[in-house]
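Asker: Handing you a structure now.
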Amino acid sequence: MSEPIISVQDLSVRFHRKRRHRSVRDLVFKGETGVRAGEFWALRDINFDVMPGEAIGVVGANGQGKSTLLRAIAGLLIPDEGRVKVNGGVAPLIELTGGFAGDLTVRDNIWLVSGLHGMKRKEVAAKFDEILEFSEMEDFVDTPFKHLSSGQKVRVAFSVVAQLNEPIMLADEVLAVGDRAFRQKCLERFAEMLEQGRTLFMVSHSEGNLTRFCTRGLYMDGGRLVQDGPIKEVVEKYFEDSGDAARLRRKHERKMRKFREMGIADDDDDDDDDDDDWGR
Ligand SMILES: Nc1ncnc2c1ncn2[C@@H]1O[C@H](COP(=O)(O)OP(=O)(O)OP(=O)(O)O)[C@@H](O)[C@H]1O
């Protein structure tokens, strides 16, 4: 039996949220230890192992901790509690354009970012044409990066990161960017990389991509891992819950509107409820 390639143990990450005031509700219900005023757990007590070659899809509504989990695995943030063990290099298809310098040309950026990802001069020289060709940005090779459109920037960035020879791929909605033709190319590249036995960890809201690429799903809700199982079951549960949440939200909004009309609630009350009951 081989070792897990990613091991997440009791992982918790806390962030600070600026608030205008502390409500009585905060004082009564949020007296939990370890979280100071205005702080909240973006991830709480997360535990799972990933074996080499697994393809994991992370699902959940907006703001539930999916990207934070990916950032913790990529080593972009340090856990407040617990630990993340990663046994191998990571190709982070997240925050794609992060390491790129606006004033440098596309050419210089390909060199720079490949180098930042640990590629040697010789390796970059050997792969340079392939990277540029994949991005289809040959005509812009001497253009400053900041003059590219946002889609063009993503093309270049994806092309650099996607050719890294790392065993783990982290992807955060990367397949939702770029135009139709480029997206198609990215999907094919993804499929190839999976066939090579790489491990995939991806966040997506697309049922099609999740079921096409992933076999196992993780469902994040309120910073907690609420389900870990076969991707089909996890996606089904997530969609089922989203339907209920949407119905509840509409009911809540109707109630608040009525209270407002009756003059017994103001916009602040609505915000508070949003934070406490719906925002997480
Ligand atoms: N650097 C930060 N500082 C403070 N709060 C943060 C920070 N990064 C994320 N958050 C908060 O942490 C929570 C989880 O955010 P995260 O980006 O992980 O959500 P997500 O599930 O990926 O959402 P989405 O589907 O919208 O991308 C959110 O409430 C978000 O506002």
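Just so we're on the same page: first chain in the structure tokens is A, next is B, and so on; residues restart at 1 for each chain, and ligands are numbered from 1 in the order they show up.
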What residues in range 47-275 of chain A get the DSSP label strand (DSSP E)? Please answer as a ChimeraX atom specification.
Answerer: /A:47-50,55-59,81-86,90-93,168-172,199-203,216-221,224-230
Asker: Would you put the residues from that selection into a file with N, CA and C atoms, as a compact mmCIF listing (two decimals), in the first residue's frame?
Answerer:
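File again_6.txt, as written:
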```
# COMPACT_ATOMS: atom_id res chain seq x y z
N ASN A 47 -10.07 16.70 7.85
CA ASN A 47 -9.23 15.51 7.82
C ASN A 47 -9.50 14.69 6.56
N PHE A 48 -8.47 14.40 5.79
CA PHE A 48 -8.60 13.44 4.69
C PHE A 48 -7.20 13.13 4.14
N ASP A 49 -7.10 11.98 3.48
CA ASP A 49 -5.87 11.60 2.77
C ASP A 49 -6.19 11.46 1.29
N VAL A 50 -5.20 11.75 0.46
CA VAL A 50 -5.37 11.54 -0.98
C VAL A 50 -4.26 10.60 -1.44
N ALA A 55 -8.38 11.54 -8.32
CA ALA A 55 -8.87 12.81 -8.89
C ALA A 55 -10.02 13.27 -8.02
N ILE A 56 -9.77 14.35 -7.30
CA ILE A 56 -10.72 14.82 -6.29
C ILE A 56 -11.40 16.10 -6.76
N GLY A 57 -12.70 16.16 -6.63
CA GLY A 57 -13.45 17.38 -6.94
C GLY A 57 -14.00 17.98 -5.66
N VAL A 58 -13.74 19.27 -5.45
CA VAL A 58 -14.23 19.92 -4.23
C VAL A 58 -15.45 20.76 -4.59
N VAL A 59 -16.57 20.52 -3.89
CA VAL A 59 -17.79 21.27 -4.17
C VAL A 59 -18.27 22.01 -2.93
N GLU A 81 -4.24 25.72 12.85
CA GLU A 81 -4.19 24.48 13.63
C GLU A 81 -4.08 23.32 12.65
N GLY A 82 -3.53 22.21 13.14
CA GLY A 82 -3.41 21.01 12.32
C GLY A 82 -2.29 21.13 11.30
N ARG A 83 -2.26 20.20 10.34
CA ARG A 83 -1.20 20.27 9.33
C ARG A 83 -1.59 19.67 8.00
N VAL A 84 -0.83 20.09 6.99
CA VAL A 84 -1.04 19.58 5.63
C VAL A 84 0.30 19.01 5.19
N LYS A 85 0.29 17.70 4.84
CA LYS A 85 1.54 17.08 4.38
C LYS A 85 1.38 16.78 2.89
N VAL A 86 2.32 17.28 2.10
CA VAL A 86 2.24 17.05 0.65
C VAL A 86 3.53 16.36 0.21
N VAL A 90 3.83 20.45 -6.61
CA VAL A 90 2.47 20.84 -6.95
C VAL A 90 2.50 21.81 -8.14
N ALA A 91 1.66 21.53 -9.14
CA ALA A 91 1.45 22.50 -10.23
C ALA A 91 0.19 23.28 -9.87
N PRO A 92 0.35 24.52 -9.37
CA PRO A 92 -0.82 25.24 -8.87
C PRO A 92 -1.55 26.00 -9.97
N LEU A 93 -2.62 25.42 -10.48
CA LEU A 93 -3.43 26.12 -11.47
C LEU A 93 -4.44 26.98 -10.73
N ILE A 168 1.26 16.58 -8.67
CA ILE A 168 -0.04 17.03 -8.15
C ILE A 168 -0.50 18.28 -8.89
N MET A 169 -1.76 18.26 -9.34
CA MET A 169 -2.32 19.45 -9.99
C MET A 169 -3.42 20.01 -9.10
N LEU A 170 -3.31 21.30 -8.81
CA LEU A 170 -4.37 21.96 -8.05
C LEU A 170 -5.07 22.93 -8.99
N ALA A 171 -6.36 22.81 -9.14
CA ALA A 171 -7.06 23.67 -10.09
C ALA A 171 -8.29 24.28 -9.45
N ASP A 172 -8.41 25.60 -9.58
CA ASP A 172 -9.55 26.29 -8.99
C ASP A 172 -10.32 26.99 -10.10
N THR A 199 -2.06 13.34 -9.78
CA THR A 199 -3.13 13.49 -8.80
C THR A 199 -3.80 14.84 -9.06
N LEU A 200 -5.12 14.83 -9.10
CA LEU A 200 -5.84 16.09 -9.37
C LEU A 200 -6.68 16.47 -8.17
N PHE A 201 -6.60 17.74 -7.84
CA PHE A 201 -7.42 18.28 -6.76
C PHE A 201 -8.07 19.53 -7.33
N MET A 202 -9.35 19.47 -7.65
CA MET A 202 -9.93 20.63 -8.32
C MET A 202 -11.23 21.12 -7.70
N VAL A 203 -11.39 22.44 -7.73
CA VAL A 203 -12.64 23.06 -7.28
C VAL A 203 -13.42 23.41 -8.53
N ARG A 216 -13.67 11.08 -6.85
CA ARG A 216 -14.04 11.27 -5.44
C ARG A 216 -14.38 12.74 -5.21
N GLY A 217 -15.37 12.99 -4.35
CA GLY A 217 -15.78 14.37 -4.08
C GLY A 217 -15.64 14.73 -2.62
N LEU A 218 -15.31 15.99 -2.38
CA LEU A 218 -15.30 16.55 -1.02
C LEU A 218 -16.29 17.70 -1.02
N TYR A 219 -17.19 17.68 -0.07
CA TYR A 219 -18.23 18.71 -0.01
C TYR A 219 -17.95 19.60 1.20
N MET A 220 -17.68 20.89 0.91
CA MET A 220 -17.36 21.85 1.97
C MET A 220 -18.58 22.69 2.29
N ASP A 221 -18.85 22.83 3.58
CA ASP A 221 -19.97 23.67 3.99
C ASP A 221 -19.61 24.35 5.31
N ARG A 224 -16.37 23.37 6.96
CA ARG A 224 -16.18 21.97 7.39
C ARG A 224 -16.35 21.03 6.20
N LEU A 225 -15.68 19.90 6.31
CA LEU A 225 -15.83 18.86 5.29
C LEU A 225 -17.04 18.02 5.71
N VAL A 226 -18.14 18.19 4.96
CA VAL A 226 -19.37 17.52 5.40
C VAL A 226 -19.62 16.20 4.67
N GLN A 227 -18.95 16.00 3.55
CA GLN A 227 -19.10 14.71 2.87
C GLN A 227 -17.85 14.39 2.05
N ASP A 228 -17.43 13.15 2.11
CA ASP A 228 -16.24 12.68 1.38
C ASP A 228 -16.65 11.33 0.80
N GLY A 229 -16.83 11.26 -0.52
CA GLY A 229 -17.30 10.01 -1.10
C GLY A 229 -17.23 10.03 -2.60
N PRO A 230 -17.87 9.04 -3.27
CA PRO A 230 -17.86 9.00 -4.73
C PRO A 230 -18.43 10.30 -5.30
```
Asker: Using only C-alpha atoms and all ligand atoms, which residues of the polymer chains come no farther than 9 Å from ligand 1? I'd like the answer as a ChimeraX atom specification.
Answerer: /A:13-18,39-43,58-71,172-173,203-205,220-223,279-280
Asker: Rounded to one decimal place, report the CA of Ile110 in chain A-CA of Met193 in chain A distance in Å.
Answerer: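 These two atoms are separated by 20.5 Å.
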